[in-house]
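**Student:** Below you'll find input-v8.cif; it's mmCIF, C-alpha atoms and all ligand atoms.
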data_data
#
loop_
_atom_site.label_atom_id
_atom_site.label_comp_id
_atom_site.auth_asym_id
_atom_site.auth_seq_id
_atom_site.Cartn_x
_atom_site.Cartn_y
_atom_site.Cartn_z
CA MET N 1 8.29 -21.70 -29.21
CA ARG N 2 4.79 -21.11 -27.86
CA ILE N 3 2.63 -21.28 -30.98
CA LEU N 4 -0.99 -20.29 -31.45
CA LEU N 5 -2.46 -22.63 -34.08
CA THR N 6 -5.81 -21.59 -35.53
CA GLY N 7 -8.02 -24.25 -37.09
CA SER N 8 -6.49 -26.86 -34.77
CA SER N 9 -9.48 -29.22 -35.01
CA GLY N 10 -9.38 -29.36 -38.81
CA TRP N 11 -7.72 -31.77 -41.24
CA LEU N 12 -4.50 -29.79 -41.51
CA GLY N 13 -4.57 -28.76 -37.84
CA SER N 14 -4.77 -32.41 -36.76
CA ALA N 15 -1.64 -33.22 -38.77
CA LEU N 16 0.22 -30.05 -37.87
CA GLU N 17 -0.31 -30.00 -34.10
CA PRO N 18 1.53 -33.28 -33.38
CA ARG N 19 4.26 -32.37 -35.90
CA LEU N 20 4.90 -29.06 -34.11
CA ARG N 21 4.91 -30.76 -30.72
CA GLY N 22 7.35 -33.31 -32.13
CA LEU N 23 9.66 -30.42 -33.00
CA GLY N 24 9.58 -29.36 -29.35
CA HIS N 25 7.08 -26.51 -29.60
CA GLU N 26 4.25 -25.78 -27.21
CA VAL N 27 1.04 -25.57 -29.24
CA ILE N 28 -2.11 -23.74 -28.20
CA GLY N 29 -4.95 -24.61 -30.56
CA ILE N 30 -7.97 -22.40 -31.15
CA ASP N 31 -11.03 -23.57 -33.06
CA PRO N 32 -14.81 -23.29 -32.56
CA VAL N 33 -14.96 -27.09 -32.88
CA PRO N 34 -13.55 -29.03 -29.90
CA SER N 35 -10.81 -31.64 -30.39
CA THR N 36 -7.81 -33.01 -28.51
CA ALA N 37 -5.60 -30.47 -30.33
CA THR N 38 -7.85 -27.52 -29.37
CA HIS N 39 -7.30 -25.79 -26.04
CA ILE N 40 -9.46 -22.76 -26.69
CA VAL N 41 -12.88 -23.46 -28.14
CA GLY N 42 -13.70 -20.17 -29.78
CA SER N 43 -13.55 -18.07 -32.91
CA ILE N 44 -10.77 -15.90 -34.30
CA ALA N 45 -13.56 -13.49 -35.24
CA ASP N 46 -13.83 -12.77 -31.48
CA ARG N 47 -11.30 -9.95 -31.22
CA GLU N 48 -11.21 -9.84 -27.42
CA LEU N 49 -10.60 -13.58 -27.20
CA VAL N 50 -7.77 -13.39 -29.74
CA VAL N 51 -5.95 -10.52 -28.01
CA GLN N 52 -6.43 -12.05 -24.58
CA THR N 53 -5.15 -15.46 -25.77
CA VAL N 54 -2.06 -14.08 -27.49
CA ARG N 55 -1.25 -11.91 -24.46
CA ASP N 56 -2.06 -14.33 -21.62
CA LYS N 57 -0.48 -17.38 -23.26
CA ARG N 58 2.64 -15.32 -24.13
CA ILE N 59 2.42 -16.49 -27.75
CA GLU N 60 5.67 -16.25 -29.73
CA ALA N 61 4.45 -17.45 -33.14
CA ILE N 62 1.10 -17.75 -34.90
CA ILE N 63 0.23 -20.36 -37.51
CA HIS N 64 -3.06 -19.25 -38.98
CA SER N 65 -4.76 -22.18 -40.71
CA GLY N 66 -8.34 -21.75 -39.47
CA ALA N 67 -10.76 -20.65 -42.15
CA LEU N 68 -14.04 -21.04 -43.86
CA HIS N 69 -13.12 -22.62 -47.17
CA LYS N 70 -14.53 -24.06 -50.37
CA PRO N 71 -16.82 -26.69 -48.77
CA ASN N 72 -18.38 -23.94 -46.62
CA ILE N 73 -19.49 -21.83 -49.61
CA GLU N 74 -22.76 -23.74 -49.94
CA HIS N 75 -23.90 -23.17 -46.34
CA CYS N 76 -22.29 -19.91 -45.23
CA GLU N 77 -23.02 -16.30 -46.17
CA ASN N 78 -20.41 -14.01 -47.69
CA THR N 79 -20.45 -12.09 -44.42
CA ASP N 80 -19.37 -15.24 -42.52
CA PHE N 81 -16.41 -15.62 -44.89
CA VAL N 82 -15.42 -11.98 -44.32
CA ALA N 83 -15.79 -12.32 -40.52
CA THR N 84 -13.60 -15.43 -40.27
CA ASN N 85 -11.13 -15.08 -43.13
CA VAL N 86 -10.62 -11.30 -43.20
CA GLN N 87 -11.60 -9.90 -39.77
CA GLY N 88 -10.24 -13.03 -38.08
CA THR N 89 -6.88 -12.58 -39.81
CA LEU N 90 -6.82 -8.88 -38.92
CA ASN N 91 -7.52 -9.72 -35.26
CA LEU N 92 -4.59 -12.14 -35.23
CA LEU N 93 -2.23 -9.67 -36.93
CA ASP N 94 -3.22 -6.86 -34.52
CA ALA N 95 -2.72 -9.16 -31.55
CA ALA N 96 0.63 -10.30 -32.97
CA VAL N 97 1.87 -6.72 -33.28
CA ALA N 98 0.47 -5.61 -29.90
CA CYS N 99 2.03 -8.55 -28.06
CA GLY N 100 5.40 -8.71 -29.86
CA VAL N 101 4.83 -12.02 -31.64
CA ASP N 102 7.98 -13.00 -33.46
CA ARG N 103 6.60 -14.64 -36.64
CA PHE N 104 3.36 -15.43 -38.48
CA VAL N 105 2.54 -18.18 -40.99
CA PHE N 106 -0.66 -17.90 -42.99
CA THR N 107 -2.25 -20.87 -44.79
CA SER N 108 -3.59 -19.50 -48.03
CA THR N 109 -4.76 -21.35 -51.11
CA THR N 110 -3.87 -21.83 -54.77
CA SER N 111 -7.62 -21.65 -55.38
CA LEU N 112 -7.45 -17.84 -55.25
CA MET N 113 -5.34 -17.94 -58.45
CA ILE N 114 -8.08 -19.61 -60.48
CA SER N 115 -10.19 -17.09 -62.38
CA GLN N 116 -13.16 -18.05 -64.54
CA ALA N 117 -10.93 -17.77 -67.63
CA ILE N 118 -8.32 -20.14 -66.21
CA ARG N 119 -11.05 -22.58 -65.23
CA ALA N 120 -12.33 -22.55 -68.79
CA GLY N 121 -8.83 -23.37 -70.03
CA PHE N 122 -8.36 -20.09 -71.90
CA GLN N 123 -4.99 -18.45 -71.42
CA GLY N 124 -4.31 -15.25 -73.35
CA GLY N 125 -7.28 -16.17 -75.58
CA ALA N 126 -5.73 -19.51 -76.56
CA ARG N 127 -6.70 -22.89 -75.21
CA LYS N 128 -3.80 -24.06 -73.09
CA ALA N 129 -3.13 -25.00 -69.49
CA ALA N 130 -2.33 -22.15 -67.10
CA TRP N 131 1.22 -22.17 -65.74
CA LEU N 132 0.77 -20.69 -62.28
CA THR N 133 3.51 -18.99 -60.28
CA GLU N 134 3.45 -16.44 -57.47
CA ASP N 135 4.06 -13.68 -60.06
CA MET N 136 0.59 -13.82 -61.59
CA SER N 137 -2.10 -11.30 -60.55
CA PRO N 138 -4.94 -13.32 -59.07
CA GLU N 139 -8.57 -12.69 -59.96
CA PRO N 140 -10.40 -14.98 -57.53
CA ARG N 141 -13.69 -16.36 -58.75
CA ASN N 142 -15.53 -16.87 -55.43
CA ILE N 143 -15.86 -15.52 -51.89
CA TYR N 144 -13.35 -18.03 -50.58
CA GLY N 145 -10.63 -16.78 -52.94
CA VAL N 146 -11.55 -13.12 -52.45
CA THR N 147 -11.32 -13.36 -48.65
CA LYS N 148 -8.10 -15.39 -48.71
CA LEU N 149 -6.49 -12.86 -51.08
CA SER N 150 -7.66 -10.02 -48.80
CA ALA N 151 -6.07 -11.80 -45.85
CA GLU N 152 -2.81 -12.17 -47.83
CA HIS N 153 -2.88 -8.40 -48.47
CA LEU N 154 -3.37 -7.74 -44.75
CA CYS N 155 -0.37 -9.96 -44.01
CA ARG N 156 1.75 -7.99 -46.48
CA LEU N 157 0.57 -4.68 -45.04
CA TYR N 158 1.45 -5.72 -41.47
CA HIS N 159 4.88 -6.77 -42.60
CA ILE N 160 5.42 -3.39 -44.30
CA GLN N 161 3.99 -1.30 -41.47
CA HIS N 162 5.20 -3.30 -38.46
CA ARG N 163 8.07 -5.46 -39.80
CA LEU N 164 6.19 -8.58 -38.66
CA PRO N 165 7.81 -11.58 -40.41
CA VAL N 166 5.04 -13.34 -42.36
CA VAL N 167 5.15 -16.33 -44.68
CA VAL N 168 2.06 -17.03 -46.80
CA LEU N 169 1.66 -20.60 -48.03
CA ARG N 170 -0.61 -20.86 -51.06
CA THR N 171 -1.34 -24.48 -50.56
CA ALA N 172 -2.71 -26.74 -53.29
CA ARG N 173 -5.36 -29.32 -52.46
CA PHE N 174 -4.72 -31.91 -49.77
CA PHE N 175 -8.30 -32.67 -48.68
CA PRO N 176 -9.13 -36.35 -48.15
CA GLU N 177 -12.65 -36.24 -49.62
CA ALA N 178 -13.43 -37.07 -53.23
CA ASP N 179 -13.35 -34.16 -55.66
CA ASP N 180 -16.66 -32.31 -56.04
CA MET N 181 -16.46 -33.17 -59.76
CA ALA N 182 -16.04 -36.90 -58.91
CA ASP N 183 -19.48 -37.75 -60.32
CA THR N 184 -18.31 -36.62 -63.76
CA ILE N 185 -15.08 -38.67 -63.71
CA GLU N 186 -15.13 -42.44 -63.98
CA GLN N 187 -12.13 -43.05 -61.78
CA SER N 188 -11.44 -44.32 -58.29
CA ASP N 189 -10.58 -41.70 -55.71
CA ALA N 190 -7.01 -43.07 -55.40
CA ASN N 191 -6.60 -42.81 -59.19
CA THR N 192 -7.80 -39.19 -59.25
CA LYS N 193 -5.57 -38.20 -56.34
CA ALA N 194 -2.55 -39.87 -58.01
CA ASN N 195 -3.21 -37.91 -61.23
CA GLU N 196 -3.56 -34.67 -59.28
CA LEU N 197 -0.10 -35.10 -57.73
CA LEU N 198 1.25 -34.20 -61.19
CA PHE N 199 -0.02 -30.64 -61.03
CA ARG N 200 -2.38 -29.68 -58.17
CA ARG N 201 -2.14 -31.81 -55.01
CA LEU N 202 0.11 -32.67 -52.07
CA THR N 203 -0.28 -34.93 -49.05
CA VAL N 204 -1.48 -33.49 -45.75
CA GLU N 205 1.86 -34.58 -44.23
CA ASP N 206 3.71 -32.45 -46.78
CA ALA N 207 1.34 -29.55 -46.09
CA ALA N 208 2.16 -29.81 -42.36
CA GLU N 209 5.89 -30.01 -43.11
CA ALA N 210 5.73 -26.87 -45.27
CA HIS N 211 4.29 -24.98 -42.28
CA ALA N 212 7.14 -26.21 -40.07
CA ALA N 213 9.64 -24.99 -42.69
CA ALA N 214 7.90 -21.60 -42.99
CA LEU N 215 7.87 -21.17 -39.22
CA GLU N 216 11.60 -21.77 -39.10
CA LYS N 217 12.50 -19.44 -41.98
CA ALA N 218 10.02 -16.57 -41.45
CA PRO N 219 12.40 -14.15 -39.67
CA GLN N 220 15.01 -14.62 -42.44
CA LEU N 221 12.46 -14.18 -45.23
CA GLY N 222 10.63 -11.13 -43.83
CA PHE N 223 7.66 -11.50 -46.13
CA ASP N 224 7.09 -14.04 -48.86
CA ILE N 225 4.37 -15.98 -50.65
CA PHE N 226 4.91 -19.56 -51.77
CA ILE N 227 2.91 -22.04 -53.80
CA VAL N 228 3.06 -25.38 -52.01
CA CYS N 229 2.34 -28.40 -54.20
CA ALA N 230 3.98 -31.72 -55.07
CA PRO N 231 6.77 -31.04 -57.59
CA THR N 232 5.45 -31.13 -61.16
CA PRO N 233 7.38 -32.88 -63.93
CA PHE N 234 5.83 -30.52 -66.52
CA ARG N 235 7.36 -27.39 -68.07
CA PRO N 236 5.70 -24.21 -69.32
CA ASP N 237 6.07 -25.29 -72.95
CA ASP N 238 3.91 -28.37 -72.23
CA CYS N 239 0.84 -26.19 -71.60
CA ALA N 240 -0.80 -26.47 -75.04
CA ALA N 241 -0.27 -30.25 -75.18
CA LEU N 242 -1.57 -30.66 -71.61
CA ILE N 243 -4.97 -29.33 -72.65
CA ALA N 244 -5.04 -31.25 -75.95
CA ASP N 245 -3.68 -34.64 -74.83
CA ALA N 246 -2.44 -34.92 -71.24
CA PRO N 247 -1.73 -38.71 -71.30
CA SER N 248 0.88 -38.35 -74.05
CA VAL N 249 2.66 -35.59 -72.11
CA VAL N 250 2.71 -37.76 -68.98
CA THR N 251 4.04 -40.71 -71.04
CA ARG N 252 6.88 -38.53 -72.27
CA TYR N 253 8.04 -37.95 -68.68
CA PHE N 254 7.09 -41.39 -67.31
CA PRO N 255 7.30 -44.02 -70.08
CA GLU N 256 6.38 -46.74 -67.55
CA PHE N 257 3.11 -45.02 -66.57
CA PRO N 258 0.69 -46.45 -69.22
CA ALA N 259 1.50 -50.09 -68.37
CA LEU N 260 1.42 -49.53 -64.61
CA TYR N 261 -1.89 -47.68 -64.86
CA ALA N 262 -3.41 -50.24 -67.24
CA GLN N 263 -2.65 -53.14 -64.90
CA ARG N 264 -4.42 -51.37 -62.09
CA GLY N 265 -7.32 -50.28 -64.34
CA TRP N 266 -6.43 -46.62 -63.76
CA THR N 267 -6.70 -43.80 -66.29
CA MET N 268 -5.08 -40.39 -66.74
CA PHE N 269 -7.16 -37.21 -67.16
CA SER N 270 -7.55 -36.54 -70.87
CA SER N 271 -6.84 -32.85 -70.30
CA ILE N 272 -4.99 -30.84 -67.62
CA ASP N 273 -5.98 -27.18 -67.28
CA ARG N 274 -3.44 -25.77 -64.82
CA VAL N 275 -0.05 -26.47 -63.29
CA TYR N 276 1.08 -25.08 -59.96
CA ASP N 277 4.80 -24.42 -60.04
CA ALA N 278 6.26 -24.80 -56.54
CA SER N 279 9.84 -23.94 -57.51
CA ARG N 280 9.95 -20.66 -55.57
CA ALA N 281 9.35 -22.61 -52.33
CA ARG N 282 12.21 -24.92 -53.30
CA LYS N 283 14.59 -22.04 -54.00
CA ARG N 284 13.72 -19.59 -51.21
CA LEU N 285 12.11 -21.68 -48.49
CA GLY N 286 14.22 -24.77 -49.14
CA PHE N 287 11.05 -26.84 -49.13
CA VAL N 288 10.06 -29.66 -51.50
CA CYS N 289 7.14 -32.03 -50.91
CA LYS N 290 8.32 -35.55 -50.13
CA THR N 291 5.54 -37.32 -52.04
CA SER N 292 5.18 -36.89 -55.80
CA PHE N 293 3.66 -38.72 -58.78
CA ALA N 294 6.92 -40.69 -59.17
CA ASP N 295 6.33 -42.21 -55.71
CA VAL N 296 2.86 -43.37 -56.73
CA LEU N 297 4.31 -45.09 -59.80
CA ALA N 298 7.04 -46.68 -57.67
CA GLY N 299 4.30 -47.99 -55.34
CA LEU N 300 2.33 -49.43 -58.28
CA ALA N 301 5.48 -51.10 -59.63
CA VAL N 302 6.13 -52.78 -56.26
CA GLU N 303 2.49 -53.97 -56.07
CA GLN N 304 2.73 -55.54 -59.49
CA ARG N 305 5.92 -57.46 -58.90
N1 LIG T 1 -8.03 -28.87 -47.68
C1 LIG T 1 -7.43 -28.39 -48.76
O1 LIG T 1 -7.30 -29.09 -49.77
C2 LIG T 1 -6.90 -26.99 -48.74
C3 LIG T 1 -6.28 -26.48 -49.90
C4 LIG T 1 -5.72 -25.21 -49.86
C5 LIG T 1 -5.77 -24.46 -48.69
N2 LIG T 1 -6.41 -24.96 -47.60
C6 LIG T 1 -6.44 -24.15 -46.39
O2 LIG T 1 -5.91 -24.92 -45.34
C7 LIG T 1 -6.50 -24.52 -44.11
C8 LIG T 1 -6.98 -25.73 -43.36
O3 LIG T 1 -7.90 -26.42 -44.17
P1 LIG T 1 -8.44 -27.88 -43.80
O4 LIG T 1 -8.51 -28.66 -45.05
O5 LIG T 1 -7.73 -28.42 -42.62
O6 LIG T 1 -9.95 -27.51 -43.45
P2 LIG T 1 -10.84 -27.93 -42.22
O7 LIG T 1 -12.22 -27.42 -42.52
O8 LIG T 1 -10.66 -29.38 -41.93
O9 LIG T 1 -10.18 -27.08 -41.07
C9 LIG T 1 -10.41 -25.72 -40.89
C10 LIG T 1 -10.61 -25.48 -39.43
O10 LIG T 1 -10.81 -24.07 -39.25
C11 LIG T 1 -11.76 -23.95 -38.22
N3 LIG T 1 -12.40 -22.64 -38.22
C12 LIG T 1 -13.46 -22.23 -38.96
N4 LIG T 1 -13.86 -21.02 -38.57
C13 LIG T 1 -13.01 -20.65 -37.57
C14 LIG T 1 -12.94 -19.52 -36.74
N5 LIG T 1 -13.81 -18.51 -36.87
N6 LIG T 1 -11.96 -19.47 -35.80
C15 LIG T 1 -11.06 -20.47 -35.68
N7 LIG T 1 -11.10 -21.60 -36.42
C16 LIG T 1 -12.08 -21.67 -37.36
C17 LIG T 1 -12.77 -25.07 -38.51
O11 LIG T 1 -13.60 -25.35 -37.38
C18 LIG T 1 -11.85 -26.20 -38.90
O12 LIG T 1 -11.52 -27.01 -37.78
C19 LIG T 1 -7.59 -23.51 -44.47
O13 LIG T 1 -7.08 -22.23 -44.25
C20 LIG T 1 -7.83 -23.74 -45.94
O14 LIG T 1 -8.26 -22.56 -46.58
C21 LIG T 1 -6.98 -26.19 -47.60
#
Go through the file and emit its structure as structure tokens.
**Tutor:**
Amino acid sequence: MRILLTGSSGWLGSALEPRLRGLGHEVIGIDPVPSTATHIVGSIADRELVVQTVRDKRIEAIIHSGALHKPNIEHCENTDFVATNVQGTLNLLDAAVACGVDRFVFTSTTSLMISQAIRAGFQGGARKAAWLTEDMSPEPRNIYGVTKLSAEHLCRLYHIQHRLPVVVLRTARFFPEADDMADTIEQSDANTKANELLFRRLTVEDAAEAHAAALEKAPQLGFDIFIVCAPTPFRPDDCAALIADAPSVVTRYFPEFPALYAQRGWTMFSSIDRVYDASRARKRLGFVCKTSFADVLAGLAVEQR
């Protein structure tokens, strides 16, 4: 397929572009930042450029990963977020419909599901971790979440009005940088990322693979939204214990974890405030992340032999 990939110079774009080419697709990258994966240096907020690109390049599928996101909140205005994340998405959807594009994959974020209340660890007034599925009604807490949720709604609308097949991937974190709360946690970055694989992280390779799976299945699915995250070992009835004493819950599922962590000088978070449940993606998209917390433990066990 001839695929327009937005955000092709970014972290995900750089992993996704070679993966798509490896699958035999022709990839046309668009991004305001130049890179080897970017053929059109420009913005999706430029409506003329978007329509012209989709038409002239005879695009068959769009993977829309370009965005202003959480790290941009500090330096960009709300209006920039609306221009890129909402108007940019609308431009792509309009171009898709006008030019007969066959399928559309939108990279969304689990961040839009985190309200102030969830962040504070209060669920239904009680202190317990939030068990997050696609069925919850999101109340985004910042401009990033608000504009991503608006873009999801546009995707749904264009599916309803124009029958455009669209798959929305609410992706958990896969960024390589240290967490912005890193200063408050006395842990190495590798330790933090390993812990996060239990409930809120995936590798960038898995994120790219999820997009390949969504591209393949979009016409069959019509419209769907999926949380994409490494598979969690936890269950909804762990939520109270996860807030009160996360290490003992993890020990219940992985009895070998305390010794493996201790040898490496690693620690578990004392409390876990949310769990992203990716089981809908497993059931309907047939997609499961390859890398999970169990793989990290297996790696530690090999190191210590
Ligand atoms: N990194 C994460 O942990 C994470 C988690 C959940 C969802 N996401 C989503 O994944 C996608 C990719 O994120 P990433 O981590 O690769 O971020 P990134 O910042 O590395 O890449 C985003 C790319 O989008 C491009 N972009 C910005 N404005 C644009 C515009 N107007 N037109 C076209 N391209 C534009 C940027 O130049 C950048 O290259 C984003 O949609 C983001 O919201 C990321």
**Student:** 6 Å from ligand LIG 1 (chain T) is the threshold here; counting only C-alpha atoms and all ligand atoms, which polymer residues fall inside it? Answer as a PyMOL selection string.
**Tutor:** chain N and resi 6-13+30-33+43-45+65-69+84+107-109+171-175
**Student:** Around (-0.3, -27.3, -75.5) in the file's frame, which residues reach within 12 Å when counting only C-alpha atoms? Return as a PyMOL selection string?
**Tutor:** chain N and resi 121-123+126-131+234-246+248-249+271-274
**Student:** Counting only C-alpha atoms, which residues of segment 134-155 of chain N sit at most 12 Å from some atom of segment 219-223 of chain N, and what is each one's closest atom pair with its distance in Å to one decimal, listed by chain and rising residue number, as JSON lines?
**Tutor:**
{"residue": "N:Glu152", "atom": "CA", "partner": "N:Phe223", "partner_atom": "CA", "distance": 10.6}
{"residue": "N:His153", "atom": "CA", "partner": "N:Phe223", "partner_atom": "CA", "distance": 11.2}
{"residue": "N:Leu154", "atom": "CA", "partner": "N:Phe223", "partner_atom": "CA", "distance": 11.7}
{"residue": "N:Cys155", "atom": "CA", "partner": "N:Phe223", "partner_atom": "CA", "distance": 8.4}
**Student:** How would the residues just chosen look if you wrote them out with C-alpha atoms as a PDB file, keeping the file's coordinate frame?
**Tutor:**
ATOM      1  CA  GLU N 152      -2.810 -12.170 -47.830  1.00  0.00           C
ATOM      2  CA  HIS N 153      -2.880  -8.400 -48.470  1.00  0.00           C
ATOM      3  CA  LEU N 154      -3.370  -7.740 -44.750  1.00  0.00           C
ATOM      4  CA  CYS N 155      -0.370  -9.960 -44.010  1.00  0.00           C
TER       5      CYS N 155
END
**Student:** Put a box with edges along x, y and z around all the listed atoms of segment 75-81 of chain N, pad it by 5 Å on each side, then give me its centre and sizes in Å, one decimal, as lines of an AutoDock Vina configuration file.
**Tutor:**
center_x = -20.2
center_y = -17.6
center_z = -45.1
size_x = 17.5
size_y = 21.1
size_z = 15.2
**Student:** Rounded to one decimal place, report the atom CA of Pro138 of chain N-atom CA of Ser111 of chain N distance in Å.
**Tutor:**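 Between atom CA of Pro138 of chain N and atom CA of Ser111 of chain N the gap works out to 9.5 Å.
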**Student:** Expressed in Å to a single decimal, how great is the separation between atom CA of Lys290 of chain N and atom CA of Val204 of chain N?
**Tutor:**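 Distance between the two atoms: 10.9 Å.
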**Student:** Mind giving me the straight-line distance from atom CA of Glu26 of chain N to atom CA of Arg2 of chain N in Å, one decimal?
**Tutor:** 4.7 Å
**Student:** Need the shell around segment 199-202 of chain N: protein/DNA/RNA residues with any atom at most 8 Å away, counting all atoms listed in the file. Skip same-chain ones fewer than 5 positions apart. Format as a list of chain:residue names?
**Tutor:** N:Ala172, N:Arg173, N:Phe174, N:Lys193, N:Ala207, N:Val228, N:Cys229, N:Ala230, N:Pro231, N:Thr232, N:Arg274, N:Val275, N:Tyr276, N:Asp277, N:Cys289, N:Thr291, N:Ser292
